[in-house]
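S.K.: Contents are mmCIF, C-alpha atoms; file name data_29.cif:
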data_target
#
loop_
_atom_site.label_atom_id
_atom_site.label_comp_id
_atom_site.auth_asym_id
_atom_site.auth_seq_id
_atom_site.Cartn_x
_atom_site.Cartn_y
_atom_site.Cartn_z
CA MET A 1 47.99 4.85 -18.68
CA GLN A 2 49.29 5.44 -22.22
CA LYS A 3 48.36 8.66 -23.93
CA ASN A 4 46.11 8.42 -26.94
CA THR A 5 46.44 11.11 -29.58
CA THR A 6 42.87 10.76 -30.86
CA LYS A 7 40.79 13.32 -29.01
CA THR A 8 37.50 11.75 -27.99
CA SER A 9 36.61 13.91 -25.01
CA ASP A 10 36.33 17.54 -23.93
CA ALA A 11 37.35 16.81 -20.37
CA PRO A 12 39.61 19.72 -19.36
CA GLU A 13 42.20 17.54 -17.67
CA GLU A 14 42.00 14.78 -20.20
CA GLY A 15 42.42 16.47 -23.56
CA SER A 16 43.86 13.36 -25.14
CA SER A 17 42.05 10.70 -23.17
CA THR A 18 40.13 7.81 -24.65
CA ARG A 19 36.49 7.04 -24.01
CA MET A 20 37.62 4.36 -21.54
CA ARG A 21 39.63 6.89 -19.57
CA VAL A 22 36.59 9.14 -19.21
CA GLU A 23 34.47 6.26 -17.95
CA ASP A 24 37.17 5.27 -15.46
CA ARG A 25 37.33 8.80 -14.13
CA LYS A 26 33.54 8.92 -13.87
CA GLU A 27 33.55 5.66 -11.94
CA GLN A 28 36.27 6.97 -9.61
CA LEU A 29 34.30 10.18 -8.96
CA ILE A 30 31.16 8.20 -8.20
CA GLU A 31 33.05 6.04 -5.72
CA ILE A 32 34.55 9.06 -3.93
CA ALA A 33 31.24 10.91 -3.85
CA MET A 34 29.43 7.83 -2.59
CA ARG A 35 31.85 7.46 0.31
CA LEU A 36 31.70 11.17 1.22
CA PHE A 37 27.89 11.33 0.99
CA ALA A 38 27.64 8.27 3.23
CA THR A 39 29.98 9.64 5.88
CA LYS A 40 29.39 13.42 5.73
CA GLY A 41 25.86 13.51 4.33
CA PHE A 42 24.75 14.99 1.02
CA ASP A 43 24.67 18.60 2.23
CA GLY A 44 27.91 18.23 4.16
CA THR A 45 29.82 17.24 1.03
CA SER A 46 30.89 19.89 -1.51
CA LEU A 47 31.97 19.39 -5.11
CA ARG A 48 35.30 20.87 -3.97
CA ASP A 49 35.72 18.01 -1.43
CA ILE A 50 35.15 15.49 -4.19
CA ALA A 51 37.50 17.23 -6.66
CA GLU A 52 40.22 17.49 -4.00
CA GLU A 53 40.02 13.83 -3.11
CA ALA A 54 40.15 12.85 -6.80
CA GLN A 55 43.06 15.31 -7.29
CA ILE A 56 41.39 17.03 -10.22
CA THR A 57 40.24 20.61 -10.75
CA LYS A 58 36.66 21.67 -10.10
CA ALA A 59 36.40 22.45 -13.83
CA ALA A 60 37.32 18.85 -14.62
CA LEU A 61 34.71 17.63 -12.17
CA TYR A 62 32.06 19.85 -13.79
CA TYR A 63 32.83 18.22 -17.13
CA HIS A 64 31.65 14.89 -15.76
CA PHE A 65 28.89 16.17 -13.49
CA PRO A 66 27.37 19.63 -13.94
CA ASN A 67 26.24 19.69 -10.29
CA LYS A 68 25.96 17.67 -7.12
CA ASP A 69 22.45 16.48 -7.92
CA ALA A 70 23.63 14.95 -11.21
CA LEU A 71 26.39 13.12 -9.37
CA TYR A 72 24.04 11.89 -6.69
CA GLU A 73 21.57 10.73 -9.30
CA SER A 74 24.30 8.75 -11.10
CA ILE A 75 25.26 7.03 -7.88
CA LEU A 76 21.72 6.05 -7.13
CA VAL A 77 20.78 4.89 -10.61
CA ASP A 78 23.99 2.84 -10.92
CA GLY A 79 23.51 1.30 -7.51
CA MET A 80 19.80 0.56 -7.91
CA ARG A 81 20.26 -1.01 -11.34
CA THR A 82 23.01 -3.31 -10.05
CA LEU A 83 20.90 -4.24 -7.03
CA VAL A 84 17.76 -4.98 -9.06
CA ASN A 85 19.69 -7.15 -11.54
CA TYR A 86 21.53 -9.02 -8.82
CA VAL A 87 18.48 -9.72 -6.65
CA SER A 88 16.35 -10.59 -9.66
CA ALA A 89 18.93 -13.13 -10.87
CA ALA A 90 19.17 -14.71 -7.40
CA MET A 91 15.38 -15.06 -7.17
CA GLY A 92 15.29 -16.61 -10.65
CA LYS A 93 17.35 -19.55 -9.41
CA VAL A 94 14.65 -20.78 -7.01
CA THR A 95 11.04 -21.73 -7.67
CA SER A 96 8.88 -21.67 -4.52
CA PRO A 97 7.53 -18.27 -3.42
CA GLU A 98 8.90 -18.87 0.09
CA ALA A 99 12.40 -19.43 -1.35
CA LYS A 100 11.99 -16.34 -3.53
CA VAL A 101 11.25 -14.14 -0.50
CA ARG A 102 14.25 -15.70 1.27
CA GLU A 103 16.48 -15.06 -1.77
CA PHE A 104 15.32 -11.46 -2.03
CA MET A 105 16.44 -10.88 1.54
CA LEU A 106 19.72 -12.81 1.35
CA SER A 107 20.87 -11.45 -2.00
CA SER A 108 20.01 -7.92 -0.82
CA ALA A 109 22.18 -8.63 2.24
CA ASP A 110 25.04 -9.74 -0.03
CA TYR A 111 24.72 -6.59 -2.10
CA MET A 112 24.61 -4.46 1.05
CA GLU A 113 27.74 -6.12 2.42
CA ARG A 114 29.68 -5.37 -0.76
CA ASN A 115 28.19 -1.93 -1.51
CA ARG A 116 27.61 -0.41 1.88
CA ASP A 117 28.07 3.24 0.85
CA SER A 118 25.81 2.88 -2.16
CA TRP A 119 23.13 1.19 -0.05
CA ILE A 120 23.25 3.99 2.52
CA ALA A 121 23.05 6.66 -0.20
CA GLY A 122 20.05 4.91 -1.76
CA SER A 123 18.36 4.42 1.57
CA ASN A 124 18.77 8.12 2.41
CA MET A 125 17.39 9.34 -0.89
CA PHE A 126 13.79 8.86 0.11
CA TRP A 127 14.41 10.43 3.48
CA PHE A 128 15.78 13.80 2.45
CA GLY A 129 13.63 14.09 -0.63
CA ASP A 130 13.93 17.84 -0.90
CA ASN A 131 17.70 17.98 -0.90
CA ALA A 132 18.37 15.41 -3.55
CA LYS A 133 15.47 15.02 -5.91
CA PRO A 134 15.43 11.54 -7.35
CA ARG A 135 14.45 11.48 -10.99
CA THR A 136 11.98 9.18 -12.69
CA GLU A 137 14.56 6.54 -13.60
CA ASN A 138 15.55 6.05 -10.02
CA LEU A 139 12.03 5.88 -8.69
CA ALA A 140 11.18 3.32 -11.37
CA LEU A 141 14.13 1.14 -10.29
CA ARG A 142 13.17 1.45 -6.65
CA ASP A 143 9.61 0.39 -7.49
CA GLU A 144 10.95 -2.53 -9.51
CA TYR A 145 13.06 -3.65 -6.54
CA GLU A 146 10.17 -3.45 -4.09
CA LYS A 147 7.86 -5.19 -6.57
CA LEU A 148 10.18 -8.22 -6.73
CA LEU A 149 9.55 -8.73 -3.02
CA ARG A 150 5.87 -7.83 -3.01
CA ASP A 151 5.07 -10.23 -5.86
CA ALA A 152 6.86 -13.09 -4.10
CA VAL A 153 5.06 -12.30 -0.82
CA LYS A 154 1.71 -12.21 -2.65
CA GLN A 155 2.42 -15.57 -4.29
CA ALA A 156 3.36 -17.05 -0.92
CA ILE A 157 0.06 -15.82 0.55
CA ASP A 158 -2.00 -16.97 -2.45
CA SER A 159 -0.46 -20.45 -2.31
CA GLN A 160 -1.14 -20.56 1.46
CA VAL A 161 2.54 -20.90 2.32
CA PHE A 162 2.25 -17.60 4.19
CA GLN A 163 -0.60 -16.68 6.48
CA LYS A 164 -3.27 -14.27 5.24
CA VAL A 165 -1.41 -11.02 5.95
CA ASP A 166 -1.43 -7.71 4.08
CA PRO A 167 1.24 -8.23 1.38
CA THR A 168 2.14 -4.52 1.28
CA ILE A 169 2.60 -4.24 5.04
CA ALA A 170 4.54 -7.52 5.15
CA SER A 171 6.83 -6.33 2.34
CA ARG A 172 7.39 -2.98 4.04
CA MET A 173 8.34 -4.79 7.21
CA LEU A 174 10.86 -6.99 5.42
CA LEU A 175 12.31 -3.97 3.60
CA ALA A 176 12.52 -2.06 6.88
CA VAL A 177 14.72 -4.63 8.59
CA LEU A 178 17.03 -4.65 5.56
CA ASN A 179 17.19 -0.87 5.28
CA GLN A 180 17.99 -0.29 8.93
CA LEU A 181 20.72 -2.91 9.06
CA PRO A 182 23.73 -0.73 8.06
CA ARG A 183 22.65 1.75 10.73
CA TRP A 184 23.75 -0.51 13.55
CA HIS A 185 25.51 -3.52 12.08
CA SER A 186 29.29 -3.31 11.81
CA PRO A 187 30.79 -5.11 8.81
CA THR A 188 33.58 -6.25 11.17
CA GLY A 189 31.21 -7.53 13.88
CA ARG A 190 30.75 -11.12 15.03
CA LEU A 191 28.02 -11.80 12.46
CA SER A 192 28.12 -11.08 8.73
CA THR A 193 25.30 -9.10 7.12
CA ARG A 194 24.04 -12.34 5.60
CA GLN A 195 24.02 -14.10 8.97
CA VAL A 196 21.99 -11.32 10.59
CA VAL A 197 19.49 -11.37 7.73
CA GLN A 198 19.29 -15.15 8.01
CA GLN A 199 18.28 -14.73 11.67
CA TYR A 200 15.76 -12.05 10.71
CA ILE A 201 14.20 -14.38 8.14
CA ASP A 202 13.96 -17.25 10.64
CA MET A 203 12.35 -15.01 13.25
CA ILE A 204 9.88 -13.42 10.83
CA PHE A 205 9.00 -16.66 9.05
CA GLN A 206 8.56 -18.76 12.18
CA GLY A 207 7.45 -16.05 14.60
CA LEU A 208 8.86 -15.08 17.96
CA LEU A 209 6.17 -16.85 19.98
CA ALA A 210 7.11 -20.33 21.18
CA SER A 211 3.52 -21.55 20.92
CA ASN A 212 0.88 -20.07 18.74
CA PRO A 213 -2.79 -20.41 19.65
CA THR A 214 -3.93 -19.52 16.11
CA ARG A 215 -2.31 -22.58 14.56
CA MET B 1 1.23 37.91 27.70
CA GLN B 2 1.55 40.53 30.46
CA LYS B 3 4.86 42.35 30.80
CA ASN B 4 6.83 41.76 33.94
CA THR B 5 9.08 44.57 35.11
CA THR B 6 11.46 42.27 36.97
CA LYS B 7 14.30 41.55 34.58
CA THR B 8 15.10 37.84 34.76
CA SER B 9 16.62 37.33 31.34
CA ASP B 10 19.21 38.76 28.99
CA ALA B 11 17.30 37.80 25.89
CA PRO B 12 17.80 40.73 23.48
CA GLU B 13 14.17 40.80 22.36
CA GLU B 14 12.77 40.06 25.75
CA GLY B 15 14.38 42.56 28.10
CA SER B 16 11.48 42.44 30.50
CA SER B 17 10.29 38.90 30.02
CA THR B 18 9.69 36.38 32.78
CA ARG B 19 11.32 32.99 33.07
CA MET B 20 8.11 31.50 31.66
CA ARG B 21 8.36 33.68 28.57
CA VAL B 22 11.92 32.53 27.91
CA GLU B 23 10.90 28.87 28.21
CA ASP B 24 7.96 29.42 25.86
CA ARG B 25 10.23 30.98 23.29
CA LYS B 26 12.70 28.14 23.65
CA GLU B 27 9.92 25.63 23.12
CA GLN B 28 8.71 27.51 20.04
CA LEU B 29 12.23 27.59 18.57
CA ILE B 30 12.64 23.87 19.18
CA GLU B 31 9.36 23.16 17.41
CA ILE B 32 10.30 25.28 14.39
CA ALA B 33 13.81 23.81 14.18
CA MET B 34 12.44 20.27 14.49
CA ARG B 35 10.07 20.82 11.60
CA LEU B 36 12.74 22.42 9.40
CA PHE B 37 15.37 19.75 10.20
CA ALA B 38 12.86 17.03 9.38
CA THR B 39 11.86 18.54 6.03
CA LYS B 40 15.08 20.25 4.86
CA GLY B 41 17.66 18.19 6.71
CA PHE B 42 20.09 19.42 9.36
CA ASP B 43 22.61 20.89 6.92
CA GLY B 44 19.88 22.36 4.72
CA THR B 45 18.50 24.43 7.61
CA SER B 46 20.23 27.64 8.71
CA LEU B 47 19.85 29.51 11.98
CA ARG B 48 18.59 32.39 9.81
CA ASP B 49 15.72 30.17 8.51
CA ILE B 50 14.72 29.39 12.07
CA ALA B 51 14.97 33.02 13.25
CA GLU B 52 12.92 34.21 10.27
CA GLU B 53 10.16 31.69 10.90
CA ALA B 54 10.05 32.62 14.59
CA GLN B 55 10.06 36.32 13.61
CA ILE B 56 12.98 37.13 15.90
CA THR B 57 16.47 38.47 15.22
CA LYS B 58 19.44 36.12 14.85
CA ALA B 59 20.89 37.74 17.99
CA ALA B 60 17.78 36.74 19.92
CA LEU B 61 18.09 33.21 18.61
CA TYR B 62 21.76 33.07 19.69
CA TYR B 63 20.68 33.97 23.21
CA HIS B 64 18.72 30.73 23.43
CA PHE B 65 21.01 28.53 21.36
CA PRO B 66 24.65 29.49 20.71
CA ASN B 67 24.75 27.32 17.59
CA LYS B 68 22.82 24.81 15.52
CA ASP B 69 24.35 21.83 17.30
CA ALA B 70 23.06 23.08 20.66
CA LEU B 71 19.59 23.46 19.19
CA TYR B 72 19.69 20.01 17.63
CA GLU B 73 20.90 18.52 20.88
CA SER B 74 18.01 20.12 22.79
CA ILE B 75 15.52 18.69 20.33
CA LEU B 76 16.92 15.22 20.65
CA VAL B 77 17.28 15.20 24.42
CA ASP B 78 13.77 16.60 24.89
CA GLY B 79 12.29 14.12 22.46
CA MET B 80 14.15 11.09 23.77
CA ARG B 81 13.32 11.89 27.40
CA THR B 82 9.62 12.22 26.60
CA LEU B 83 9.71 8.99 24.59
CA VAL B 84 11.51 7.00 27.30
CA ASN B 85 9.12 8.22 30.00
CA TYR B 86 6.04 7.55 27.91
CA VAL B 87 7.06 4.06 26.78
CA SER B 88 8.31 3.13 30.22
CA ALA B 89 4.98 4.16 31.81
CA ALA B 90 3.02 2.17 29.22
CA MET B 91 5.11 -0.95 29.83
CA GLY B 92 4.65 -0.55 33.59
CA LYS B 93 0.89 -1.07 33.19
CA VAL B 94 1.25 -4.66 31.99
CA THR B 95 2.96 -7.63 33.61
CA SER B 96 3.80 -10.42 31.13
CA PRO B 97 7.01 -10.01 29.10
CA GLU B 98 5.03 -10.62 25.90
CA ALA B 99 2.66 -7.77 26.77
CA LYS B 100 5.64 -5.57 27.65
CA VAL B 101 7.20 -6.08 24.21
CA ARG B 102 3.80 -5.33 22.65
CA GLU B 103 3.42 -2.17 24.74
CA PHE B 104 6.91 -1.00 23.83
CA MET B 105 5.98 -1.20 20.16
CA LEU B 106 2.49 0.29 20.46
CA SER B 107 3.39 3.16 22.77
CA SER B 108 6.36 4.00 20.51
CA ALA B 109 3.89 4.07 17.61
CA ASP B 110 1.66 6.47 19.58
CA TYR B 111 4.61 8.73 20.31
CA MET B 112 5.69 8.60 16.66
CA GLU B 113 2.20 9.52 15.49
CA ARG B 114 2.12 12.59 17.73
CA ASN B 115 5.79 13.61 17.37
CA ARG B 116 6.67 12.70 13.82
CA ASP B 117 9.29 15.43 13.30
CA SER B 118 11.02 14.68 16.58
CA TRP B 119 11.08 10.96 15.79
CA ILE B 120 12.63 11.61 12.38
CA ALA B 121 15.24 13.95 13.87
CA GLY B 122 16.15 11.35 16.49
CA SER B 123 16.24 8.56 13.98
CA ASN B 124 18.59 10.54 11.74
CA MET B 125 20.98 11.44 14.52
CA PHE B 126 22.71 8.09 14.47
CA TRP B 127 22.90 8.14 10.72
CA PHE B 128 24.72 11.40 10.12
CA GLY B 129 26.86 11.18 13.21
CA ASP B 130 29.50 13.59 11.94
CA ASN B 131 27.18 16.47 11.22
CA ALA B 132 25.34 16.55 14.50
CA LYS B 133 27.33 15.03 17.30
CA PRO B 134 25.04 13.59 19.93
CA ARG B 135 26.33 14.18 23.42
CA THR B 136 26.49 11.73 26.27
CA GLU B 137 23.05 12.57 27.64
CA ASN B 138 21.39 11.69 24.38
CA LEU B 139 23.25 8.45 23.87
CA ALA B 140 22.37 7.44 27.43
CA LEU B 141 18.65 8.06 26.76
CA ARG B 142 18.81 6.13 23.51
CA ASP B 143 20.44 3.20 25.32
CA GLU B 144 17.77 3.40 28.01
CA TYR B 145 15.03 3.24 25.37
CA GLU B 146 16.57 0.25 23.60
CA LYS B 147 17.19 -1.48 26.94
CA LEU B 148 13.48 -1.31 27.80
CA LEU B 149 12.79 -3.47 24.75
CA ARG B 150 15.81 -5.75 25.08
CA ASP B 151 15.04 -6.57 28.72
CA ALA B 152 11.43 -7.44 27.88
CA VAL B 153 12.55 -9.61 24.95
CA LYS B 154 15.10 -11.39 27.19
CA GLN B 155 12.42 -12.04 29.81
CA ALA B 156 10.09 -13.43 27.15
CA ILE B 157 12.83 -15.78 25.95
CA ASP B 158 13.83 -16.82 29.49
CA SER B 159 10.23 -17.59 30.39
CA GLN B 160 9.86 -19.59 27.15
CA VAL B 161 7.13 -17.35 25.82
CA PHE B 162 9.44 -16.49 22.92
CA GLN B 163 11.53 -19.00 21.03
CA LYS B 164 15.25 -19.21 21.73
CA VAL B 165 16.36 -16.33 19.53
CA ASP B 166 19.21 -13.87 19.96
CA PRO B 167 17.62 -11.11 22.11
CA THR B 168 19.85 -8.40 20.63
CA ILE B 169 19.08 -9.33 17.03
CA ALA B 170 15.37 -9.67 17.82
CA SER B 171 15.33 -6.23 19.49
CA ARG B 172 17.19 -4.65 16.58
CA MET B 173 14.63 -6.13 14.22
CA LEU B 174 11.71 -4.74 16.22
CA LEU B 175 13.38 -1.32 16.45
CA ALA B 176 14.07 -1.38 12.70
CA VAL B 177 10.44 -1.77 11.72
CA LEU B 178 9.53 1.11 14.05
CA ASN B 179 12.32 3.37 12.84
CA GLN B 180 11.57 2.90 9.16
CA LEU B 181 7.86 3.50 9.54
CA PRO B 182 7.76 7.31 9.05
CA ARG B 183 9.82 6.82 5.88
CA TRP B 184 6.91 5.36 3.99
CA HIS B 185 3.79 5.63 6.15
CA SER B 186 1.60 8.65 5.61
CA PRO B 187 -0.15 9.96 8.73
CA THR B 188 -3.21 10.54 6.52
CA GLY B 189 -3.17 7.04 5.01
CA ARG B 190 -5.80 4.31 5.38
CA LEU B 191 -4.10 2.88 8.48
CA SER B 192 -2.93 4.76 11.58
CA THR B 193 0.64 4.32 12.80
CA ARG B 194 -0.70 2.18 15.64
CA GLN B 195 -2.64 -0.04 13.25
CA VAL B 196 0.43 -0.68 11.10
CA VAL B 197 2.52 -1.50 14.18
CA GLN B 198 -0.25 -3.81 15.39
CA GLN B 199 0.03 -5.73 12.10
CA TYR B 200 3.82 -5.81 12.43
CA ILE B 201 3.55 -7.27 15.92
CA ASP B 202 1.08 -9.95 14.80
CA MET B 203 3.30 -10.93 11.88
CA ILE B 204 6.50 -11.01 13.92
CA PHE B 205 4.96 -12.74 16.93
CA GLN B 206 3.09 -15.40 14.96
CA GLY B 207 5.39 -15.70 11.95
CA LEU B 208 4.59 -15.40 8.27
CA LEU B 209 4.59 -19.14 7.60
CA ALA B 210 1.16 -20.79 7.64
CA SER B 211 2.56 -24.05 8.96
CA ASN B 212 5.76 -24.41 10.87
CA PRO B 213 7.67 -27.70 10.84
CA THR B 214 9.76 -26.73 13.89
CA ARG B 215 6.75 -26.59 16.22
#
Any chance you could put this one into structure tokens?
M.R.:
Amino acid sequence: MQKNTTKTSDAPEEGSSTRMRVEDRKEQLIEIAMRLFATKGFDGTSLRDIAEEAQITKAALYYHFPNKDALYESILVDGMRTLVNYVSAAMGKVTSPEAKVREFMLSSADYMERNRDSWIAGSNMFWFGDNAKPRTENLALRDEYEKLLRDAVKQAIDSQVFQKVDPTIASRMLLAVLNQLPRWHSPTGRLSTRQVVQQYIDMIFQGLLASNPTR
Amino acid sequence: MQKNTTKTSDAPEEGSSTRMRVEDRKEQLIEIAMRLFATKGFDGTSLRDIAEEAQITKAALYYHFPNKDALYESILVDGMRTLVNYVSAAMGKVTSPEAKVREFMLSSADYMERNRDSWIAGSNMFWFGDNAKPRTENLALRDEYEKLLRDAVKQAIDSQVFQKVDPTIASRMLLAVLNQLPRWHSPTGRLSTRQVVQQYIDMIFQGLLASNPTR
């Protein structure tokens, strides 16, 4: 990258970098951190590990992220915002509540397939709450994501497309099967993430029982 | 507890303790560690934290568990063995494959309700594989647990009680909703763990759709 003589940053290693350069570095650090958090866990990853992998000094890393929590938070907010926008756009392309629930699941699967590390980091956040405190912005995005599904499930129940089930419990169940998926599913396995989720949807929509006395 | 003059242990704090005493202490340490691992994470918990809470020296703790991994392993093996035995016994009381699948889910819910910390520790093991390496015994128990469900699901499909679904994917889905439950469900909430799982079973068995064109 060409050097720029206009100083726009205080980054120790990038005294003459442009604003773009700083954002690139930030993006690179987030990617490295995301991968390390996903494989070694939040507590098992040190800022030194991240700096070493990025081949920068710890001082340079501190410029971008004052501490590990700030880095973690950036990862989660970035990831959640992308997910919410992506899923929301996919649901906007269909009209029936049943199709909206389906699209929520399938587009989440697509996101998961392409952003596995970010998904795992986000999914862990609410598990180890004490170690990595999510801030308000992140919780708001998470709520927004879950609300997309819950609203579609409610609509499907209200319009009698779905049976009279508890919309919160039904949504939690659908979220659970999505969340657990990267725990056992290999991206190189015989089925893609989308194909597994498609089977989940079929099973949950139609039910496992071959004949159903209530219908 | 009465002192026993026959020395049966090298425990530094328990020079004159009986075998029973040693086992009690071990059990107490496992309980404390389980709680701390579940709330602070594996990496966030030190052997010092555990020793302090048990009001023993670190040397005494080392007598029982040479390192954190050994302690973690004991927790998981203990927990998984209890779970497998409990679920297996519950499934043995019913005969139809459909009832067996139901019992697997409900008895797992009962275990989860009573052993929340142990369930969380076990559920995390396969997530942060690098930090706490599960040994063969534990993986074998986990496989045994999952096989109980998979076999019942296969039987239900073979006997045409369940639709022709992929038994592995169906089992993974059922395990997912169980595993995720302690992530959002509060033991003091309006529904018990068993009640939530009961709703899950109804939804998954009967399907969310009010009318089903394939049947």
S.K.: Quick one: contact table of region 120-186 of chain A to region 173-193 of chain B, 6 Å max, nearest atom pair and distance in Å to one decimal per residue, counting all atoms listed in the file, chain and number order, as a tab-separated table?
M.R.:
residue	atom	partner	partner_atom	distance
A:Met173	CA	B:Val177	CA	5.8
A:Ala176	CA	B:Val177	CA	5.3
A:Val177	CA	B:Ala176	CA	5.3
A:Gln180	CA	B:Ala176	CA	5.5
S.K.: Store the residues of this selection in a file with C-alpha atoms, as a PDB file, keeping the file's coordinate frame.
M.R.:
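Final output, selection.pdb:
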ATOM      1  CA  MET A 173       8.340  -4.790   7.210  1.00  0.00           C
ATOM      2  CA  ALA A 176      12.520  -2.060   6.880  1.00  0.00           C
ATOM      3  CA  VAL A 177      14.720  -4.630   8.590  1.00  0.00           C
ATOM      4  CA  GLN A 180      17.990  -0.290   8.930  1.00  0.00           C
TER       5      GLN A 180
END
S.K.: For each of A:Ser211, A:Ser74, A:Gln28, A:Asn85, take the minimum atom-to-atom distance to chain B, counting all atoms listed in the file, then give the residue where this is smallest.
M.R.: A:Ser211
S.K.: Evaluate the PyMOL selection byres ((chain A) within 9 of (chain B)) here and jot the selected residues down as a ChimeraX atom specification.
M.R.: /A:38-44,98,126-131,156-157,160-166,169-170,172-181,183-184,196,199-200,202-212,214-215
S.K.: Go ahead and compute the interatomic distance for CA of Ser96 (chain B) and CA of Gln195 (chain B), in Å to one decimal.
M.R.: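 One can read the CA of Ser96 (chain B) to CA of Gln195 (chain B) distance as 21.7 Å.
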S.K.: What does the distance from CA of Thr136 (chain B) to CA of Glu31 (chain B) come to in Å, to one decimal?
M.R.: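 Taking CA of Thr136 (chain B) as the start and CA of Glu31 (chain B) as the end point, the length is 22.4 Å.
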S.K.: Of the candidates B:Val101, B:Lys154, B:Arg116, B:Thr168, which shows the shortest atom-to-atom distance to Gln198 (chain B), using only C-alpha atoms?
M.R.: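 Among the listed residues, the smallest separation from Gln198 (chain B) belongs to B:Val101.
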S.K.: Using Å and a single decimal, report how far CA of Asp117 (chain B) sits from CA of Pro66 (chain B).
M.R.: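 Separating CA of Pro66 (chain B) from CA of Asp117 (chain B) is a distance of 22.1 Å.
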S.K.: Residues near Ser118 (chain B), anyone? I mean within 8 Å using all atoms listed in the file, not counting same-chain ones fewer than 6 positions away, as an mmCIF file with C-alpha atoms, in the frame of the given file.
M.R.:
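Contents of result00.cif, freshly written:
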data_model
loop_
_atom_site.group_PDB
_atom_site.id
_atom_site.type_symbol
_atom_site.label_atom_id
_atom_site.label_comp_id
_atom_site.auth_asym_id
_atom_site.auth_seq_id
_atom_site.Cartn_x
_atom_site.Cartn_y
_atom_site.Cartn_z
ATOM 1 C CA MET B 34 12.440 20.270 14.490
ATOM 2 C CA ARG B 35 10.070 20.820 11.600
ATOM 3 C CA ALA B 38 12.860 17.030 9.380
ATOM 4 C CA ILE B 75 15.520 18.690 20.330
ATOM 5 C CA LEU B 76 16.920 15.220 20.650
ATOM 6 C CA GLY B 79 12.290 14.120 22.460
#
S.K.: Neighbouring residues of Pro97 (chain B) were defined as those with any atom within 6 Å, considering all atoms listed in the file; residues of the same chain fewer than 2 positions away were excluded. Please report them as a list in words.
M.R.: Ala99, Lys100, Ala152, Gln155 and Ala156 of chain B
S.K.: Pick the closest to Tyr86 (chain A) from A:Ala54, A:Tyr145, A:Ala121, A:Thr45: which is it, counting only C-alpha atoms?
M.R.: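 Among the listed residues, A:Tyr145 lies closest to Tyr86 (chain A).
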S.K.: Under the rule that only C-alpha atoms are counted, which of B:Glu52, B:Glu146, B:Glu137, B:Glu23 is the nearest residue to Met105 (chain B)?
M.R.: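 Smallest separation from Met105 (chain B) among the options: B:Glu146.
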S.K.: Have a look at B:Ile56, B:Leu83, B:Leu149, B:Leu47 and name the one nearest to Trp119 (chain B); count only C-alpha atoms.
M.R.: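 Of B:Ile56, B:Leu83, B:Leu149, B:Leu47, the one nearest Trp119 (chain B) is B:Leu83, counting only C-alpha atoms.
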S.K.: Restricting the calculation to all atoms listed in the file: of B:Leu148, B:Leu139, B:Ala59, B:Met80, which residue gets closest to Arg102 (chain B)?
M.R.: B:Leu148
S.K.: Around all the atoms of region 104-123 of chain A listed in the file, with 5 Å of room on each side, what axis-aligned box do you get, giving centre and edge lengths in Å to one decimal, as lines of an AutoDock Vina configuration file?
M.R.:
center_x = 22.5
center_y = -3.1
center_z = 0.2
size_x = 24.4
size_y = 29.5
size_z = 14.7
